>>> print(open('final27.cif').read())   # mmCIF, N, CA and C atoms
data_start
loop_
_atom_site.label_atom_id
_atom_site.label_comp_id
_atom_site.auth_asym_id
_atom_site.auth_seq_id
_atom_site.Cartn_x
_atom_site.Cartn_y
_atom_site.Cartn_z
N MET A 1 -26.20 9.47 -40.73
CA MET A 1 -26.12 10.89 -40.42
C MET A 1 -26.27 11.75 -41.68
N ALA A 2 -25.62 11.31 -42.77
CA ALA A 2 -25.70 12.09 -44.02
C ALA A 2 -27.12 12.12 -44.55
N VAL A 3 -27.86 11.02 -44.33
CA VAL A 3 -29.24 10.98 -44.80
C VAL A 3 -30.08 12.02 -44.04
N TRP A 4 -29.84 12.12 -42.74
CA TRP A 4 -30.57 13.12 -41.94
C TRP A 4 -30.22 14.54 -42.40
N ILE A 5 -28.94 14.77 -42.67
CA ILE A 5 -28.51 16.09 -43.15
C ILE A 5 -29.18 16.39 -44.49
N LYS A 6 -29.24 15.39 -45.36
CA LYS A 6 -29.90 15.57 -46.65
C LYS A 6 -31.39 15.84 -46.45
N GLY A 7 -31.98 15.20 -45.46
CA GLY A 7 -33.39 15.45 -45.16
C GLY A 7 -33.64 16.87 -44.70
N VAL A 8 -32.79 17.35 -43.82
CA VAL A 8 -32.91 18.74 -43.35
C VAL A 8 -32.69 19.69 -44.53
N ALA A 9 -31.69 19.39 -45.36
CA ALA A 9 -31.45 20.23 -46.54
C ALA A 9 -32.65 20.21 -47.47
N GLY A 10 -33.27 19.05 -47.64
CA GLY A 10 -34.47 18.94 -48.48
C GLY A 10 -35.62 19.75 -47.92
N LEU A 11 -35.78 19.73 -46.61
CA LEU A 11 -36.85 20.51 -45.98
C LEU A 11 -36.59 22.00 -46.15
N VAL A 12 -35.36 22.44 -45.93
CA VAL A 12 -35.00 23.85 -46.10
C VAL A 12 -35.21 24.27 -47.56
N GLU A 13 -34.77 23.42 -48.50
CA GLU A 13 -34.94 23.74 -49.93
C GLU A 13 -36.42 23.87 -50.28
N THR A 14 -37.23 22.93 -49.78
CA THR A 14 -38.66 22.96 -50.09
C THR A 14 -39.30 24.23 -49.56
N ILE A 15 -39.02 24.56 -48.32
CA ILE A 15 -39.59 25.77 -47.71
C ILE A 15 -39.11 27.01 -48.46
N ALA A 16 -37.80 27.07 -48.75
CA ALA A 16 -37.25 28.22 -49.47
C ALA A 16 -37.86 28.32 -50.86
N GLY A 17 -38.04 27.17 -51.52
CA GLY A 17 -38.63 27.17 -52.85
C GLY A 17 -40.06 27.68 -52.84
N ILE A 18 -40.85 27.20 -51.89
CA ILE A 18 -42.24 27.64 -51.80
C ILE A 18 -42.31 29.13 -51.49
N LEU A 19 -41.48 29.59 -50.56
CA LEU A 19 -41.46 31.01 -50.23
C LEU A 19 -41.00 31.85 -51.41
N SER A 20 -40.10 31.31 -52.23
CA SER A 20 -39.56 32.04 -53.38
C SER A 20 -40.62 32.35 -54.43
N PHE A 21 -41.69 31.55 -54.46
CA PHE A 21 -42.77 31.84 -55.41
C PHE A 21 -43.43 33.18 -55.10
N PHE A 22 -43.29 33.66 -53.86
CA PHE A 22 -43.95 34.89 -53.44
C PHE A 22 -43.00 36.09 -53.39
N VAL A 23 -41.74 35.86 -53.78
CA VAL A 23 -40.74 36.92 -53.73
C VAL A 23 -40.47 37.43 -55.15
N THR A 24 -40.58 38.73 -55.32
CA THR A 24 -40.28 39.34 -56.62
C THR A 24 -38.81 39.75 -56.64
N PRO A 25 -38.26 39.99 -57.83
CA PRO A 25 -36.88 40.49 -57.88
C PRO A 25 -36.70 41.78 -57.07
N ALA A 26 -37.69 42.66 -57.08
CA ALA A 26 -37.59 43.93 -56.33
C ALA A 26 -37.50 43.66 -54.83
N ILE A 27 -38.29 42.72 -54.34
CA ILE A 27 -38.24 42.38 -52.91
C ILE A 27 -36.88 41.78 -52.57
N LEU A 28 -36.38 40.90 -53.44
CA LEU A 28 -35.07 40.28 -53.20
C LEU A 28 -33.97 41.34 -53.18
N LYS A 29 -34.03 42.26 -54.12
CA LYS A 29 -33.02 43.34 -54.17
C LYS A 29 -33.07 44.18 -52.90
N SER A 30 -34.27 44.51 -52.45
CA SER A 30 -34.42 45.30 -51.21
C SER A 30 -33.87 44.54 -50.01
N PHE A 31 -34.14 43.24 -49.97
CA PHE A 31 -33.65 42.42 -48.87
C PHE A 31 -32.12 42.37 -48.85
N VAL A 32 -31.52 42.19 -50.01
CA VAL A 32 -30.05 42.15 -50.08
C VAL A 32 -29.46 43.50 -49.70
N VAL A 33 -30.08 44.58 -50.14
CA VAL A 33 -29.60 45.92 -49.76
C VAL A 33 -29.67 46.08 -48.24
N LEU A 34 -30.78 45.63 -47.66
CA LEU A 34 -30.95 45.70 -46.21
C LEU A 34 -29.86 44.91 -45.48
N LEU A 35 -29.53 43.74 -46.00
CA LEU A 35 -28.48 42.91 -45.38
C LEU A 35 -27.08 43.47 -45.61
N ALA A 36 -26.83 43.95 -46.83
CA ALA A 36 -25.48 44.35 -47.21
C ALA A 36 -25.12 45.76 -46.75
N ALA A 37 -26.10 46.65 -46.60
CA ALA A 37 -25.80 48.06 -46.28
C ALA A 37 -24.95 48.23 -45.03
N PRO A 38 -25.26 47.58 -43.91
CA PRO A 38 -24.42 47.78 -42.72
C PRO A 38 -22.98 47.31 -42.95
N GLU A 39 -22.83 46.21 -43.65
CA GLU A 39 -21.49 45.68 -43.91
C GLU A 39 -20.72 46.59 -44.85
N LEU A 40 -21.40 47.09 -45.88
CA LEU A 40 -20.75 47.98 -46.84
C LEU A 40 -20.41 49.34 -46.23
N SER A 41 -21.18 49.77 -45.22
CA SER A 41 -20.85 51.04 -44.58
C SER A 41 -19.57 50.90 -43.74
N GLU A 42 -19.34 49.70 -43.21
CA GLU A 42 -18.10 49.45 -42.46
C GLU A 42 -16.92 49.21 -43.39
N ASP A 43 -17.18 48.42 -44.45
CA ASP A 43 -16.12 48.07 -45.39
C ASP A 43 -16.69 48.07 -46.80
N PRO A 44 -16.51 49.16 -47.54
CA PRO A 44 -17.09 49.26 -48.89
C PRO A 44 -16.57 48.19 -49.86
N ASN A 45 -15.48 47.53 -49.51
CA ASN A 45 -14.90 46.50 -50.38
C ASN A 45 -15.21 45.08 -49.90
N ASP A 46 -16.15 44.95 -48.97
CA ASP A 46 -16.50 43.62 -48.45
C ASP A 46 -16.93 42.73 -49.62
N TRP A 47 -16.22 41.61 -49.79
CA TRP A 47 -16.42 40.76 -50.95
C TRP A 47 -17.83 40.16 -50.99
N ILE A 48 -18.29 39.61 -49.88
CA ILE A 48 -19.61 38.96 -49.85
C ILE A 48 -20.71 39.98 -50.12
N ALA A 49 -20.68 41.10 -49.44
CA ALA A 49 -21.72 42.11 -49.61
C ALA A 49 -21.73 42.68 -51.03
N THR A 50 -20.57 42.97 -51.58
CA THR A 50 -20.53 43.52 -52.95
C THR A 50 -20.94 42.47 -53.98
N THR A 51 -20.52 41.23 -53.78
CA THR A 51 -20.89 40.16 -54.71
C THR A 51 -22.40 39.94 -54.70
N LEU A 52 -22.99 39.89 -53.52
CA LEU A 52 -24.44 39.73 -53.42
C LEU A 52 -25.18 40.91 -54.06
N SER A 53 -24.72 42.10 -53.76
CA SER A 53 -25.35 43.30 -54.32
C SER A 53 -25.32 43.30 -55.85
N HIS A 54 -24.18 42.93 -56.41
CA HIS A 54 -24.06 42.89 -57.87
C HIS A 54 -24.88 41.74 -58.46
N ALA A 55 -24.88 40.60 -57.80
CA ALA A 55 -25.59 39.42 -58.33
C ALA A 55 -27.09 39.66 -58.42
N VAL A 56 -27.68 40.30 -57.42
CA VAL A 56 -29.13 40.46 -57.43
C VAL A 56 -29.58 41.51 -58.42
N GLN A 57 -28.68 42.35 -58.88
CA GLN A 57 -29.05 43.38 -59.86
C GLN A 57 -29.46 42.76 -61.21
N HIS A 58 -29.03 41.53 -61.46
CA HIS A 58 -29.27 40.90 -62.76
C HIS A 58 -30.33 39.80 -62.70
N ILE A 59 -31.04 39.70 -61.59
CA ILE A 59 -32.05 38.65 -61.44
C ILE A 59 -33.36 39.10 -62.05
N SER A 60 -33.91 38.24 -62.91
CA SER A 60 -35.20 38.54 -63.56
C SER A 60 -36.31 37.74 -62.89
N ALA A 61 -37.54 38.05 -63.24
CA ALA A 61 -38.69 37.30 -62.72
C ALA A 61 -38.62 35.85 -63.19
N ASP A 62 -38.16 35.62 -64.41
CA ASP A 62 -38.02 34.25 -64.91
C ASP A 62 -36.99 33.46 -64.11
N THR A 63 -35.89 34.10 -63.76
CA THR A 63 -34.87 33.45 -62.95
C THR A 63 -35.42 33.10 -61.57
N MET A 64 -36.18 34.02 -61.01
CA MET A 64 -36.78 33.78 -59.69
C MET A 64 -37.76 32.60 -59.75
N LEU A 65 -38.57 32.55 -60.81
CA LEU A 65 -39.53 31.47 -60.97
C LEU A 65 -38.81 30.13 -61.13
N PHE A 66 -37.75 30.13 -61.95
CA PHE A 66 -36.96 28.91 -62.13
C PHE A 66 -36.37 28.46 -60.80
N ALA A 67 -35.77 29.38 -60.05
CA ALA A 67 -35.16 29.03 -58.76
C ALA A 67 -36.20 28.48 -57.80
N ALA A 68 -37.37 29.10 -57.75
CA ALA A 68 -38.43 28.63 -56.86
C ALA A 68 -38.87 27.22 -57.24
N ALA A 69 -39.10 26.98 -58.53
CA ALA A 69 -39.53 25.66 -58.98
C ALA A 69 -38.44 24.62 -58.74
N TYR A 70 -37.19 24.96 -59.05
CA TYR A 70 -36.08 24.02 -58.88
C TYR A 70 -35.92 23.65 -57.41
N LEU A 71 -35.90 24.64 -56.54
CA LEU A 71 -35.74 24.36 -55.12
C LEU A 71 -36.88 23.51 -54.57
N THR A 72 -38.10 23.82 -54.98
CA THR A 72 -39.25 23.07 -54.49
C THR A 72 -39.20 21.62 -54.96
N VAL A 73 -38.98 21.40 -56.25
CA VAL A 73 -38.94 20.04 -56.78
C VAL A 73 -37.76 19.26 -56.19
N HIS A 74 -36.59 19.87 -56.17
CA HIS A 74 -35.40 19.24 -55.62
C HIS A 74 -35.63 18.87 -54.15
N GLY A 75 -36.22 19.79 -53.40
CA GLY A 75 -36.50 19.55 -51.99
C GLY A 75 -37.50 18.44 -51.76
N PHE A 76 -38.61 18.44 -52.53
CA PHE A 76 -39.62 17.38 -52.39
C PHE A 76 -39.03 16.01 -52.71
N ILE A 77 -38.25 15.94 -53.77
CA ILE A 77 -37.63 14.66 -54.14
C ILE A 77 -36.71 14.19 -53.02
N LYS A 78 -35.90 15.09 -52.49
CA LYS A 78 -35.01 14.72 -51.38
C LYS A 78 -35.80 14.21 -50.19
N LEU A 79 -36.88 14.91 -49.83
CA LEU A 79 -37.68 14.50 -48.69
C LEU A 79 -38.28 13.10 -48.90
N PHE A 80 -38.80 12.84 -50.09
CA PHE A 80 -39.35 11.53 -50.41
C PHE A 80 -38.29 10.44 -50.29
N LEU A 81 -37.13 10.70 -50.88
CA LEU A 81 -36.05 9.70 -50.87
C LEU A 81 -35.50 9.49 -49.46
N VAL A 82 -35.34 10.57 -48.72
CA VAL A 82 -34.84 10.44 -47.34
C VAL A 82 -35.82 9.63 -46.50
N ALA A 83 -37.11 9.91 -46.63
CA ALA A 83 -38.11 9.14 -45.88
C ALA A 83 -38.04 7.66 -46.26
N SER A 84 -37.89 7.38 -47.55
CA SER A 84 -37.80 5.99 -48.00
C SER A 84 -36.54 5.31 -47.49
N LEU A 85 -35.43 6.04 -47.50
CA LEU A 85 -34.18 5.47 -46.98
C LEU A 85 -34.28 5.20 -45.48
N LEU A 86 -34.86 6.14 -44.75
CA LEU A 86 -34.98 5.96 -43.30
C LEU A 86 -35.93 4.82 -42.94
N LEU A 87 -36.88 4.54 -43.81
CA LEU A 87 -37.79 3.41 -43.59
C LEU A 87 -37.17 2.09 -44.05
N GLY A 88 -35.93 2.16 -44.55
CA GLY A 88 -35.20 0.95 -44.93
C GLY A 88 -35.64 0.34 -46.25
N ARG A 89 -36.24 1.10 -47.11
CA ARG A 89 -36.68 0.59 -48.41
C ARG A 89 -35.45 0.43 -49.30
N LEU A 90 -35.10 -0.83 -49.60
CA LEU A 90 -33.89 -1.11 -50.36
C LEU A 90 -33.93 -0.47 -51.75
N TRP A 91 -35.10 -0.41 -52.39
CA TRP A 91 -35.24 0.18 -53.72
C TRP A 91 -34.91 1.68 -53.73
N ALA A 92 -35.00 2.33 -52.56
CA ALA A 92 -34.76 3.77 -52.50
C ALA A 92 -33.29 4.12 -52.70
N TYR A 93 -32.40 3.19 -52.39
CA TYR A 93 -30.97 3.48 -52.54
C TYR A 93 -30.58 3.68 -54.01
N PRO A 94 -30.85 2.70 -54.90
CA PRO A 94 -30.48 2.95 -56.30
C PRO A 94 -31.29 4.11 -56.92
N LEU A 95 -32.56 4.24 -56.53
CA LEU A 95 -33.35 5.35 -57.05
C LEU A 95 -32.73 6.68 -56.63
N SER A 96 -32.30 6.78 -55.39
CA SER A 96 -31.63 8.00 -54.91
C SER A 96 -30.37 8.29 -55.71
N LEU A 97 -29.60 7.25 -55.97
CA LEU A 97 -28.36 7.43 -56.72
C LEU A 97 -28.65 7.90 -58.14
N TRP A 98 -29.66 7.34 -58.79
CA TRP A 98 -30.00 7.76 -60.15
C TRP A 98 -30.52 9.19 -60.18
N ILE A 99 -31.36 9.53 -59.23
CA ILE A 99 -31.90 10.89 -59.21
C ILE A 99 -30.80 11.90 -58.91
N LEU A 100 -29.94 11.59 -57.95
CA LEU A 100 -28.83 12.50 -57.66
C LEU A 100 -27.88 12.60 -58.85
N ALA A 101 -27.70 11.52 -59.58
CA ALA A 101 -26.87 11.56 -60.80
C ALA A 101 -27.50 12.49 -61.84
N ALA A 102 -28.82 12.41 -61.98
CA ALA A 102 -29.52 13.30 -62.92
C ALA A 102 -29.37 14.76 -62.50
N PHE A 103 -29.52 15.03 -61.19
CA PHE A 103 -29.32 16.40 -60.71
C PHE A 103 -27.87 16.84 -60.93
N PHE A 104 -26.92 15.93 -60.73
CA PHE A 104 -25.51 16.25 -60.95
C PHE A 104 -25.29 16.70 -62.40
N VAL A 105 -25.82 15.95 -63.35
CA VAL A 105 -25.67 16.29 -64.76
C VAL A 105 -26.32 17.65 -65.04
N TYR A 106 -27.53 17.83 -64.53
CA TYR A 106 -28.23 19.09 -64.76
C TYR A 106 -27.50 20.27 -64.12
N GLN A 107 -27.00 20.07 -62.90
CA GLN A 107 -26.28 21.14 -62.21
C GLN A 107 -25.00 21.50 -62.96
N CYS A 108 -24.32 20.51 -63.51
CA CYS A 108 -23.13 20.81 -64.32
C CYS A 108 -23.51 21.60 -65.57
N TYR A 109 -24.61 21.21 -66.21
CA TYR A 109 -25.10 21.94 -67.37
C TYR A 109 -25.41 23.39 -66.99
N ARG A 110 -26.14 23.59 -65.89
CA ARG A 110 -26.49 24.94 -65.45
C ARG A 110 -25.23 25.75 -65.10
N PHE A 111 -24.24 25.07 -64.52
CA PHE A 111 -23.00 25.78 -64.16
C PHE A 111 -22.32 26.35 -65.40
N LEU A 112 -22.37 25.62 -66.50
CA LEU A 112 -21.75 26.10 -67.73
C LEU A 112 -22.38 27.42 -68.19
N HIS A 113 -23.63 27.65 -67.81
CA HIS A 113 -24.31 28.89 -68.20
C HIS A 113 -24.25 29.97 -67.13
N THR A 114 -24.21 29.57 -65.86
CA THR A 114 -24.30 30.56 -64.78
C THR A 114 -22.99 30.82 -64.07
N HIS A 115 -22.10 29.82 -64.03
CA HIS A 115 -20.84 29.91 -63.28
C HIS A 115 -21.10 30.21 -61.80
N SER A 116 -22.19 29.67 -61.29
CA SER A 116 -22.60 29.92 -59.91
C SER A 116 -21.80 29.07 -58.92
N ILE A 117 -21.16 29.74 -57.98
CA ILE A 117 -20.40 29.05 -56.94
C ILE A 117 -21.34 28.23 -56.06
N SER A 118 -22.55 28.73 -55.79
CA SER A 118 -23.49 27.98 -54.95
C SER A 118 -23.89 26.67 -55.63
N LEU A 119 -23.94 26.65 -56.95
CA LEU A 119 -24.24 25.43 -57.68
C LEU A 119 -23.11 24.43 -57.54
N VAL A 120 -21.88 24.91 -57.54
CA VAL A 120 -20.72 24.04 -57.34
C VAL A 120 -20.77 23.43 -55.93
N LEU A 121 -21.06 24.26 -54.94
CA LEU A 121 -21.14 23.76 -53.56
C LEU A 121 -22.25 22.72 -53.41
N LEU A 122 -23.41 22.98 -54.00
CA LEU A 122 -24.52 22.03 -53.96
C LEU A 122 -24.11 20.72 -54.62
N THR A 123 -23.42 20.79 -55.74
CA THR A 123 -22.99 19.60 -56.47
C THR A 123 -21.97 18.80 -55.67
N VAL A 124 -21.02 19.47 -55.05
CA VAL A 124 -20.03 18.78 -54.21
C VAL A 124 -20.72 18.09 -53.04
N PHE A 125 -21.67 18.77 -52.41
CA PHE A 125 -22.42 18.18 -51.31
C PHE A 125 -23.19 16.96 -51.80
N ASP A 126 -23.84 17.08 -52.96
CA ASP A 126 -24.58 15.95 -53.52
C ASP A 126 -23.66 14.77 -53.81
N LEU A 127 -22.46 15.04 -54.31
CA LEU A 127 -21.50 13.96 -54.59
C LEU A 127 -21.08 13.25 -53.30
N ALA A 128 -20.87 14.00 -52.24
CA ALA A 128 -20.54 13.39 -50.95
C ALA A 128 -21.69 12.51 -50.48
N VAL A 129 -22.90 12.98 -50.64
CA VAL A 129 -24.07 12.19 -50.23
C VAL A 129 -24.20 10.94 -51.10
N VAL A 130 -23.93 11.06 -52.40
CA VAL A 130 -23.96 9.89 -53.30
C VAL A 130 -23.00 8.83 -52.78
N PHE A 131 -21.81 9.24 -52.42
CA PHE A 131 -20.81 8.29 -51.90
C PHE A 131 -21.33 7.60 -50.63
N LEU A 132 -21.91 8.38 -49.72
CA LEU A 132 -22.42 7.80 -48.47
C LEU A 132 -23.62 6.89 -48.70
N ILE A 133 -24.50 7.27 -49.62
CA ILE A 133 -25.65 6.42 -49.93
C ILE A 133 -25.17 5.11 -50.56
N TRP A 134 -24.19 5.20 -51.45
CA TRP A 134 -23.65 4.00 -52.10
C TRP A 134 -23.06 3.04 -51.06
N ARG A 135 -22.30 3.58 -50.14
CA ARG A 135 -21.70 2.73 -49.08
C ARG A 135 -22.78 2.09 -48.23
N GLU A 136 -23.78 2.86 -47.85
CA GLU A 136 -24.87 2.34 -47.04
C GLU A 136 -25.65 1.27 -47.81
N TYR A 137 -25.88 1.50 -49.09
CA TYR A 137 -26.59 0.53 -49.93
C TYR A 137 -25.83 -0.78 -50.00
N GLN A 138 -24.51 -0.71 -50.18
CA GLN A 138 -23.70 -1.92 -50.23
C GLN A 138 -23.79 -2.70 -48.92
N SER A 139 -23.73 -1.99 -47.80
CA SER A 139 -23.81 -2.69 -46.51
C SER A 139 -25.20 -3.28 -46.29
N ARG A 140 -26.25 -2.58 -46.71
CA ARG A 140 -27.62 -3.11 -46.57
C ARG A 140 -27.82 -4.32 -47.47
N GLN A 141 -27.24 -4.30 -48.66
CA GLN A 141 -27.37 -5.44 -49.57
C GLN A 141 -26.70 -6.67 -48.97
N GLN A 142 -25.53 -6.49 -48.36
CA GLN A 142 -24.83 -7.61 -47.75
C GLN A 142 -25.65 -8.21 -46.62
N VAL A 143 -26.26 -7.37 -45.80
CA VAL A 143 -27.10 -7.84 -44.71
C VAL A 143 -28.31 -8.57 -45.26
N HIS A 144 -28.89 -8.01 -46.32
CA HIS A 144 -30.09 -8.58 -46.94
C HIS A 144 -29.78 -9.93 -47.59
N LEU A 145 -28.57 -10.08 -48.15
CA LEU A 145 -28.21 -11.30 -48.85
C LEU A 145 -27.68 -12.40 -47.95
N GLN A 146 -27.32 -12.06 -46.71
CA GLN A 146 -26.80 -13.08 -45.80
C GLN A 146 -27.91 -14.06 -45.44
N PRO A 147 -27.56 -15.36 -45.40
CA PRO A 147 -28.57 -16.34 -45.03
C PRO A 147 -28.98 -16.15 -43.56
N HIS A 148 -30.26 -16.27 -43.33
CA HIS A 148 -30.77 -16.14 -41.98
C HIS A 148 -30.86 -17.53 -41.34
N PRO A 149 -30.36 -17.67 -40.13
CA PRO A 149 -30.45 -19.00 -39.47
C PRO A 149 -31.92 -19.33 -39.17
N HIS A 150 -32.26 -20.56 -39.41
CA HIS A 150 -33.64 -21.02 -39.14
C HIS A 150 -33.75 -21.42 -37.68
N SER A 151 -34.82 -21.05 -37.06
CA SER A 151 -34.99 -21.38 -35.64
C SER A 151 -35.70 -22.68 -35.48
#
>>> encode(input="final27.cif", output="structure tokens")
Amino acid sequence: MAVWIKGVAGLVETIAGILSFFVTPAILKSFVVLLAAPELSEDPNDWIATTLSHAVQHISADTMLFAAAYLTVHGFIKLFLVASLLLGRLWAYPLSLWILAAFFVYQCYRFLHTHSISLVLLTVFDLAVVFLIWREYQSRQQVHLQPHPHS
């Protein structure tokens, strides 16, 4: 089940990343204003709306390009690994764990610079998936190593 969830997340990330290449900071700011305005008119202190409004004010074109590239690459890698795992390719399990470990290290590095809560949530989700992939890999290895009865 976690592999399917990771696959859907990979597909969403890939689509969002590709679409992000066509979004400028001005378009993003306008979109956030459009989303936040009704909420802020009801409650000017709404935490989510004010946080989003403040966060997008500091987004540059370089940040947008980085986010688009990161989401696209991260999503494509997830899709490839999920497809390999679902096809039962035993080599995909350790490869998935190594790649997720590399993303974990990079996400921690980025967190030190951005302090992004969304990065923390992504990292926690990735860690949960690492645990589930590891368990699945161990069970697949045991099945693979068991002697098969000869007919």
>>> atom_distance(input="final27.cif", atom1="atom CA of Leu28 of chain A", atom2="atom CA of Ala55 of chain A")
10.8 Å
>>> residues_around(input="final27.cif", residues="Cys108 of chain A", least_positions_apart="3", cutoff="9 Å", atoms="only C-alpha atoms", output="CSV table (one decimal) with N, CA and C atoms, in the frame of the given file")
chain,number,residue,atom,x,y,z
A,103,PHE,N,-29.5,15.0,-61.2
A,103,PHE,CA,-29.3,16.4,-60.7
A,103,PHE,C,-27.9,16.8,-60.9
A,104,PHE,N,-26.9,15.9,-60.7
A,104,PHE,CA,-25.5,16.2,-61.0
A,104,PHE,C,-25.3,16.7,-62.4
A,105,VAL,N,-25.8,16.0,-63.4
A,105,VAL,CA,-25.7,16.3,-64.8
A,105,VAL,C,-26.3,17.6,-65.0
A,111,PHE,N,-24.2,25.1,-64.5
A,111,PHE,CA,-23.0,25.8,-64.2
A,111,PHE,C,-22.3,26.4,-65.4
A,112,LEU,N,-22.4,25.6,-66.5
A,112,LEU,CA,-21.8,26.1,-67.7
A,112,LEU,C,-22.4,27.4,-68.2
A,119,LEU,N,-23.9,26.6,-57.0
A,119,LEU,CA,-24.2,25.4,-57.7
A,119,LEU,C,-23.1,24.4,-57.5
A,120,VAL,N,-21.9,24.9,-57.5
A,120,VAL,CA,-20.7,24.0,-57.3
A,120,VAL,C,-20.8,23.4,-55.9
A,123,THR,N,-23.4,20.8,-55.7
A,123,THR,CA,-23.0,19.6,-56.5
A,123,THR,C,-22.0,18.8,-55.7
>>> residues_around(input="final27.cif", residues="Leu90 of chain A", least_positions_apart="4", cutoff="8 Å", atoms="only N, CA and C atoms", output="list in words")
Ser84, Leu85, Pro94, Leu95, Tyr137, Arg140 and Gln141 of chain A
>>> closest_residue(input="final27.cif", among="A:Leu122, A:Ile59, A:Ala67, A:Leu86", to="Glu136 of chain A", atoms="only C-alpha atoms")
A:Leu86
>>> residues_around(input="final27.cif", residues="Val56 of chain A", least_positions_apart="6", cutoff="8 Å", atoms="only C-alpha atoms", output="list in words")
Pro25, Leu28, Lys29 and Val32 of chain A
>>> write_last_selection(input="final27.cif", atoms="N, CA and C atoms", output="short mmCIF file (atom, residue, chain, number, x, y, z; two decimals), in the frame of the given file")
data_model
loop_
_atom_site.label_atom_id
_atom_site.label_comp_id
_atom_site.auth_asym_id
_atom_site.auth_seq_id
_atom_site.Cartn_x
_atom_site.Cartn_y
_atom_site.Cartn_z
N PRO A 25 -38.26 39.99 -57.83
CA PRO A 25 -36.88 40.49 -57.88
C PRO A 25 -36.70 41.78 -57.07
N LEU A 28 -36.38 40.90 -53.44
CA LEU A 28 -35.07 40.28 -53.20
C LEU A 28 -33.97 41.34 -53.18
N LYS A 29 -34.03 42.26 -54.12
CA LYS A 29 -33.02 43.34 -54.17
C LYS A 29 -33.07 44.18 -52.90
N VAL A 32 -31.52 42.19 -50.01
CA VAL A 32 -30.05 42.15 -50.08
C VAL A 32 -29.46 43.50 -49.70
#
>>> resolve_selection(input="final27.cif", expression="the PyMOL selection byres ((chain A and resi 127-129) around 8)", output="list in words")
Ala2, Val3, Lys6, Leu97, Leu100, Phe104, Leu121, Leu122, Thr123, Val124, Phe125, Asp126, Val130, Phe131, Leu132, Ile133, Trp134 and Arg135 of chain A
>>> write_last_selection(input="final27.cif", atoms="N, CA and C atoms", output="short mmCIF file (atom, residue, chain, number, x, y, z; two decimals), keeping the file's coordinate frame")
data_model
loop_
_atom_site.label_atom_id
_atom_site.label_comp_id
_atom_site.auth_asym_id
_atom_site.auth_seq_id
_atom_site.Cartn_x
_atom_site.Cartn_y
_atom_site.Cartn_z
N ALA A 2 -25.62 11.31 -42.77
CA ALA A 2 -25.70 12.09 -44.02
C ALA A 2 -27.12 12.12 -44.55
N VAL A 3 -27.86 11.02 -44.33
CA VAL A 3 -29.24 10.98 -44.80
C VAL A 3 -30.08 12.02 -44.04
N LYS A 6 -29.24 15.39 -45.36
CA LYS A 6 -29.90 15.57 -46.65
C LYS A 6 -31.39 15.84 -46.45
N LEU A 97 -29.60 7.25 -55.97
CA LEU A 97 -28.36 7.43 -56.72
C LEU A 97 -28.65 7.90 -58.14
N LEU A 100 -29.94 11.59 -57.95
CA LEU A 100 -28.83 12.50 -57.66
C LEU A 100 -27.88 12.60 -58.85
N PHE A 104 -26.92 15.93 -60.73
CA PHE A 104 -25.51 16.25 -60.95
C PHE A 104 -25.29 16.70 -62.40
N LEU A 121 -21.06 24.26 -54.94
CA LEU A 121 -21.14 23.76 -53.56
C LEU A 121 -22.25 22.72 -53.41
N LEU A 122 -23.41 22.98 -54.00
CA LEU A 122 -24.52 22.03 -53.96
C LEU A 122 -24.11 20.72 -54.62
N THR A 123 -23.42 20.79 -55.74
CA THR A 123 -22.99 19.60 -56.47
C THR A 123 -21.97 18.80 -55.67
N VAL A 124 -21.02 19.47 -55.05
CA VAL A 124 -20.03 18.78 -54.21
C VAL A 124 -20.72 18.09 -53.04
N PHE A 125 -21.67 18.77 -52.41
CA PHE A 125 -22.42 18.18 -51.31
C PHE A 125 -23.19 16.96 -51.80
N ASP A 126 -23.84 17.08 -52.96
CA ASP A 126 -24.58 15.95 -53.52
C ASP A 126 -23.66 14.77 -53.81
N VAL A 130 -23.93 11.06 -52.40
CA VAL A 130 -23.96 9.89 -53.30
C VAL A 130 -23.00 8.83 -52.78
N PHE A 131 -21.81 9.24 -52.42
CA PHE A 131 -20.81 8.29 -51.90
C PHE A 131 -21.33 7.60 -50.63
N LEU A 132 -21.91 8.38 -49.72
CA LEU A 132 -22.42 7.80 -48.47
C LEU A 132 -23.62 6.89 -48.70
N ILE A 133 -24.50 7.27 -49.62
CA ILE A 133 -25.65 6.42 -49.93
C ILE A 133 -25.17 5.11 -50.56
N TRP A 134 -24.19 5.20 -51.45
CA TRP A 134 -23.65 4.00 -52.10
C TRP A 134 -23.06 3.04 -51.06
N ARG A 135 -22.30 3.58 -50.14
CA ARG A 135 -21.70 2.73 -49.08
C ARG A 135 -22.78 2.09 -48.23
#
>>> axis_aligned_box(input="final27.cif", around="segment 87-96 of chain A", padding_each_side="8 Å", output="JSON")
{"center_x": -34.1, "center_y": 3.6, "center_z": -50.3, "size_x": 23.4, "size_y": 25.4, "size_z": 29.5}
>>> closest_residue(input="final27.cif", among="A:Val73, A:Ile117, A:Ala102, A:Leu52", to="Glu13 of chain A", atoms="all atoms listed in the file")
A:Val73
>>> atom_distance(input="final27.cif", atom1="atom CA of Tyr106 of chain A", atom2="atom CA of Thr24 of chain A")
24.9 Å
>>> atom_distance(input="final27.cif", atom1="atom C of Gln142 of chain A", atom2="atom C of Lys78 of chain A")
24.9 Å
>>> closest_residue(input="final27.cif", among="A:Ala92, A:Ile48, A:Leu19, A:Val82", to="Leu35 of chain A", atoms="only C-alpha atoms")
A:Ile48
>>> resolve_selection(input="final27.cif", expression="the PyMOL selection byres (((chain A and resi 11 and name CA) around 12) and name CA)", output="number ranges by chain")
A: 4-10, 12-18, 71-83
>>> select_by_dssp(input="final27.cif", residues="segment 11-136 of chain A", states="alpha helix (DSSP H)", output="PyMOL selection string")
chain A and resi 11-20+25-42+47-56+61-86+92-114+117-136
>>> closest_residue(input="final27.cif", among="A:Ala36, A:Ala68, A:Asp62, A:Ser116", to="Phe22 of chain A", atoms="all atoms listed in the file")
A:Ala68
